[in-house]
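Participant: Below: one structure in structure tokens.
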Number of protein chains: 2
Amino acid sequence: MDIENINKIINNLHENEFDAMVLAEIENINYISDYHPTSFGIAILKEDSIVFAGAMDLELANKTSLIEVKEFKSLKQITDLFEKENFKKIAIEETLPFNLYSKLKGNYEFHLTNVLDNFRMIKSREELLKIEKATNIAHNSFKQLAIRDKIEKGFSEWEVSYELGYLMRENGAQEESFETIVATGANSSLPHSRVSQKQLEFPTLIDWGCKYQDYCSDSTRTIIKTEKQEEIFNIVFEAYNKSIKAIKPGIKACEIDKIARDIIFEYGYGDKFIHSTGHSLGLNIHEKPTISKKDETILEKDMVITIEPGIYLEGNFGVRIEDSIHIKNKANVLGSLKPII
Amino acid sequence: MDIENINKIINNLHENEFDAMVLAEIENINYISDYHPTSFGIAILKEDSIVFAGAMDLELANKTSLIEVKEFKSLKQITDLFEKENFKKIAIEETLPFNLYSKLKGNYEFHLTNVLDNFRMIKSREELLKIEKATNIAHNSFKQLAIRDKIEKGFSEWEVSYELGYLMRENGAQEESFETIVATGANSSLPHSRVSQKQLEFPTLIDWGCKYQDYCSDSTRTIIKTEKQEEIFNIVFEAYNKSIKAIKPGIKACEIDKIARDIIFEYGYGDKFIHSTGHSLGLNIHEKPTISKKDETILEKDMVITIEPGIYLEGNFGVRIEDSIHIKNKANVLGSLKPII
């Protein structure tokens with residue numbers, strides 16, 4: 001983030017008649033200040049923005065923040081500031097915990113706003129480079145993992161998740177962007193299966209990502225063997241390919257979801273595709289817009305979304321293929337890993 | 001959790017004139033249902049409690065939940081249920097996101113309550129065993145790590161954090177209970193330092209824990225070498241020992257904090273102890289009560305708290321010693337790892 005962009009957001013808040021915006025979500029604070037609170041922080045976005053950092057974060061905040069840092073002592077600092085500046089209408093985040101809301105409210109109105117979300121949807125050049133770098137690290141690490149070989153040799157889910165994490169860090173990642181999913185056999189029919197000591201078999205579904213300078217990557221591969229697995233894989237792959245092909249600025253998120261969903265439905269597996277087709281990503285692993293039935297957001301240049309259709313046969317197995325996509329004039333699939341492993 | 005305990009919580013809600021409680025925090029849902037949502041869930045705690053799980057979690061929820069499971073489709077299901085049952089006063093969590101609150105509110109009152117928090121403060125026999133097991137795994141893994149040797153050999157922060165994570169999983173942990181802190185040299189003066197590629201030197205501060213069946217452990221050791229480091233260590237160690245010795249049912253949380261804080265203050269480092277003396281833990285790594293200046297909660301039998309005094313000399317180094325304690329008639333320090341490594 002640079003000061004110029006912070007000012008654009010503040011101007012936008014003012015155009016929407018907000019005096020200020022209060023931020024408590026770590027990634028929002030990180031986005032507007034470059035300071036990543038380690039456990040808690042509150043930022044007030046206004047003409048002369050301030051971030052309140054806990055005593056134990058002060059050293060870090062002073063080193064990294066683009067905006068003024070003050071030590072957080074109590075919420076009264078925040079409400080006093082609102083009173084002193086005579087704020088009337090204050091924007092808040094969707095995620096603001098009720099507890100904070102109830103302690104902050106006073107002689108001013110709080111309103112949800114999508115101003116910041118809208119800014120975060122469109123990635124800057126710098127953000128795009130970080131997401132691309134994260135994806136490249138994740139993909140290169142996956143190649144080094146040599147997963148088919150590991151399945152044949154009978155490694156366990158957690159051994160593979162662990163080695164992949166190790167490789168990503170070795171290759172420059174900061175950490176996993178979410179808990180790696182390695183789901184083998186019947187476990188793969190649970191879209192968010194948690195890693196176990198189970199020995200790998202076919203199919204094995206791996207959903208993984210890493211962070212590079214706080215920005216996430218997100219990919220999924222399913223390694224198959226039998227004909228039945230291949231049949232399901234090919235349906236998912238068709239949904240993946242055709243929805244990616246349709247991506248362009250101007251199309252609605254729900255239209256992309258419909259393309260993937262219709263294909264899977266036509267093959268008779270409509271009720272086995274039990275999640276959205278994708279989501280945006282950036283500082284958070286899940287951002288807006290989502291690529292789902294209900295999301296009517298119009299896709300724009302420099303959004304980054306995932307496409308991840310899947311079919312889950314309960315108690316049997318599941319297949320998902322996922323890539324992250326930078327929307328240019330058409331879809332630019334990030335990373336270098338082929339969908340078929 | 002068993003049905004009998006769920007009923008106790010519900011009776012307590014009714015005694016506080018609540019018709020029901022709505023839960024969206026993953027660990028609260030886990031606590032009352034034994035089902036751990038993988039990304040999102042809403043539970044309604046009432047005479048015949050229900051948990052709404054996303055389509056992709058249904059298989060898992062049906063396998064694990066003690067209470068009725070329904071598929072979550074929209075928030076209208078929840079508000080319809082409130083209307084149908086003619087609920088007037090509904091309890092909510094402190095962490096309920098404002099967005100959910102604003103979509104759920106209707107012809108009924110929402111109130112924050114500490115009923116569930118109060119139950120979660122006192123651990124059952126089963127919960128205590130899980131926390132103890134997690135601590136034992138974490139401590140045994142730390143011993144296997146042979147940290148002094150690794151410092152002498154010049155390993156990096158992340159290599160050590162990674163090996164410790166590996167060992168904990170090898171020894172039966174589910175995952176880290178939080179991102180392991182390995183902070184060496186000047187990094188140790190940041191209480192929540194993030195792991196880097198920096199080569200280990202003295203002192204090295206390690207704050208780590210694992211989960212066993214969803215329950216957390218939390219420990220910190222600082223490995224020192226020089227006389228100055230030892231001088232600071234001894235002050236922290238005295239604060240650690242004396243505050244642990246004072247723990248007993250009936251004493252206030254803030255009184256324990258004061259004991260640790262006064263000792264560090266007397267040695268002239270009062271302004272270098274920049275966090276609370278401790279916190280409770282269980283399904284979450286941070287639970288209530290906190291062992292802090294302001295928390296007047298009276299400690300009771302079967303609470304589990306950490307004691308973790310520290311001194312942080314900005315730009316130079318920091319020392320923290322932390323253990324988790326099961327409060328019986330006096331403090332029962334969990335795990336088998338001595339404070340001096």
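The chains in the structure tokens are called A, B, ... from first to last as shown; in each chain the residues are counted from 1, and the ligands are counted from 1 in the order shown.
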Which parts of region 6-166 of chain A does DSSP call alpha helix (DSSP H) when run on the backbone here, written out as a PyMOL selection string?
Facilitator: chain A and resi 6-15+26-33+58-64+76-84+98-104+115-121+125-145+147-153+157-166
Participant: Tell me which protein, DNA and RNA residues are within 7 Å of region 122-131 of chain A, counting only C-alpha atoms, leaving out same-chain ones fewer than 2 positions away, and put them as a list in words.
Facilitator: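 Listing them by chain and then by number gives Phe119, Arg120, Lys133, Ala134, Thr135, Tyr212, Gln213, Tyr215, Cys216, Ser217, Gly282, Asp302 and Met303 of chain A.
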Participant: Which residues of chain B are close to chain A, meaning at most 9 Å apart when you count only C-alpha atoms, and how do they look as an MDAnalysis selection string?
Facilitator: chainID B and resid 38:39 54:60 92:101 112 158:159 162 165:166 169 174 189:196 273:275 312 314:315
Participant: Any idea what's packed within 12 Å of Asp149 (chain A), counting only C-alpha atoms, ignoring anything in its chain fewer than 3 positions away? Could you give it as a list of chain:residue names?
Facilitator: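 In the requested format, the answer is A:Lys143, A:Gln144, A:Leu145, A:Ala146, A:Glu152, A:Lys153, A:Gly154, A:Phe155, A:Val160, A:Leu200, A:Glu201, A:Phe202, A:Ile223, A:Ile341.
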Participant: For those residues, write N, CA and C atoms to a file as a PDB file, in the first residue's frame.
Facilitator:
```
ATOM      1  N   LYS A 143       5.865 -29.875  -7.334  1.00  0.00           N
ATOM      2  CA  LYS A 143       6.618 -30.704  -8.290  1.00  0.00           C
ATOM      3  C   LYS A 143       7.720 -31.478  -7.567  1.00  0.00           C
ATOM      4  N   GLN A 144       8.433 -30.780  -6.674  1.00  0.00           N
ATOM      5  CA  GLN A 144       9.519 -31.441  -5.931  1.00  0.00           C
ATOM      6  C   GLN A 144       9.000 -32.580  -5.052  1.00  0.00           C
ATOM      7  N   LEU A 145       7.748 -32.465  -4.642  1.00  0.00           N
ATOM      8  CA  LEU A 145       7.151 -33.463  -3.749  1.00  0.00           C
ATOM      9  C   LEU A 145       7.064 -34.837  -4.432  1.00  0.00           C
ATOM     10  N   ALA A 146       6.908 -34.846  -5.751  1.00  0.00           N
ATOM     11  CA  ALA A 146       6.781 -36.101  -6.517  1.00  0.00           C
ATOM     12  C   ALA A 146       5.693 -36.985  -5.916  1.00  0.00           C
ATOM     13  N   GLU A 152       2.608 -44.303  -4.318  1.00  0.00           N
ATOM     14  CA  GLU A 152       3.043 -45.688  -4.586  1.00  0.00           C
ATOM     15  C   GLU A 152       3.836 -46.249  -3.405  1.00  0.00           C
ATOM     16  N   LYS A 153       4.622 -45.378  -2.764  1.00  0.00           N
ATOM     17  CA  LYS A 153       5.479 -45.843  -1.674  1.00  0.00           C
ATOM     18  C   LYS A 153       4.751 -45.917  -0.336  1.00  0.00           C
ATOM     19  N   GLY A 154       3.490 -45.472  -0.315  1.00  0.00           N
ATOM     20  CA  GLY A 154       2.703 -45.637   0.909  1.00  0.00           C
ATOM     21  C   GLY A 154       2.979 -44.621   1.999  1.00  0.00           C
ATOM     22  N   PHE A 155       3.367 -43.400   1.634  1.00  0.00           N
ATOM     23  CA  PHE A 155       3.487 -42.321   2.630  1.00  0.00           C
ATOM     24  C   PHE A 155       2.102 -42.047   3.236  1.00  0.00           C
ATOM     25  N   VAL A 160       3.018 -36.218   3.858  1.00  0.00           N
ATOM     26  CA  VAL A 160       3.032 -35.442   2.619  1.00  0.00           C
ATOM     27  C   VAL A 160       2.699 -33.978   2.893  1.00  0.00           C
ATOM     28  N   LEU A 200      -1.477 -43.219   2.038  1.00  0.00           N
ATOM     29  CA  LEU A 200      -2.000 -42.728   0.766  1.00  0.00           C
ATOM     30  C   LEU A 200      -2.437 -43.852  -0.162  1.00  0.00           C
ATOM     31  N   GLU A 201      -3.548 -43.595  -0.862  1.00  0.00           N
ATOM     32  CA  GLU A 201      -4.014 -44.489  -1.928  1.00  0.00           C
ATOM     33  C   GLU A 201      -4.561 -43.585  -3.034  1.00  0.00           C
ATOM     34  N   PHE A 202      -5.164 -44.172  -4.047  1.00  0.00           N
ATOM     35  CA  PHE A 202      -5.764 -43.363  -5.110  1.00  0.00           C
ATOM     36  C   PHE A 202      -7.267 -43.276  -4.899  1.00  0.00           C
ATOM     37  N   ILE A 223      -4.973 -36.751  -7.634  1.00  0.00           N
ATOM     38  CA  ILE A 223      -4.174 -37.739  -8.345  1.00  0.00           C
ATOM     39  C   ILE A 223      -4.970 -39.039  -8.390  1.00  0.00           C
ATOM     40  N   ILE A 341      -1.825 -34.586 -13.096  1.00  0.00           N
ATOM     41  CA  ILE A 341      -0.532 -34.938 -12.478  1.00  0.00           C
ATOM     42  C   ILE A 341      -0.225 -36.399 -12.786  1.00  0.00           C
TER      43      ILE A 341
END
```
Participant: I'd like the contact shell of Asp207 (chain A) - 9 Å cut-off, only C-alpha atoms, skipping same-chain residues fewer than 3 positions apart - returned as a VMD selection string.
Facilitator: chain A and resid 179 to 183 192 218 to 222 320 to 322
Participant: Would you mind writing down, as a PyMOL selection string, each residue of region 186-240 of chain B that DSSP on the backbone assigns to strand (DSSP E)?
Facilitator: chain B and resi 204-208+210-212+215-216+219-223
Participant: Using only C-alpha atoms, find the one residue out of B:Met1, B:Ile263, B:Ala173, B:Ala43 that sits nearest to Glu238 (chain B).
Facilitator: B:Ile263
Participant: Which value, in Å to one decimal, gives the distance between CA of Gln77 (chain A) and CA of Leu45 (chain A)?
Facilitator: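 Distance reported for this atom pair: 14.7 Å.
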Participant: Name the closest residue to Asn316 (chain A) among the candidates A:Gly41, A:Gly185, A:Gly268, A:Gly106; distances are taken between atoms, counting only C-alpha atoms.
Facilitator: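 For Asn316 (chain A), the nearest of the given residues is A:Gly185.
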Participant: Which of these, A:Asn114, A:Ser292, A:Asn234, A:Ser280, has the shortest distance to Ile264 (chain A) once you count only C-alpha atoms?
Facilitator: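 Smallest distance to Ile264 (chain A) is found for A:Asn234.
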Participant: Could you check which of B:Ile247, B:Ala260, B:Ala138, B:Ile44 is closest to Lys293 (chain B), using only C-alpha atoms?
Facilitator: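 Looking only at the distances to Lys293 (chain B), the closest residue turns out to be B:Ala260.
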Participant: At what distance in Å, to one decimal, does CA of Phe142 (chain A) lie from CA of Gly335 (chain A)?
Facilitator: 11.0 Å
Participant: What does the distance from CA of Gln229 (chain A) to CA of Phe317 (chain A) come to in Å, to one decimal?
Facilitator: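 It comes out at 8.2 Å.
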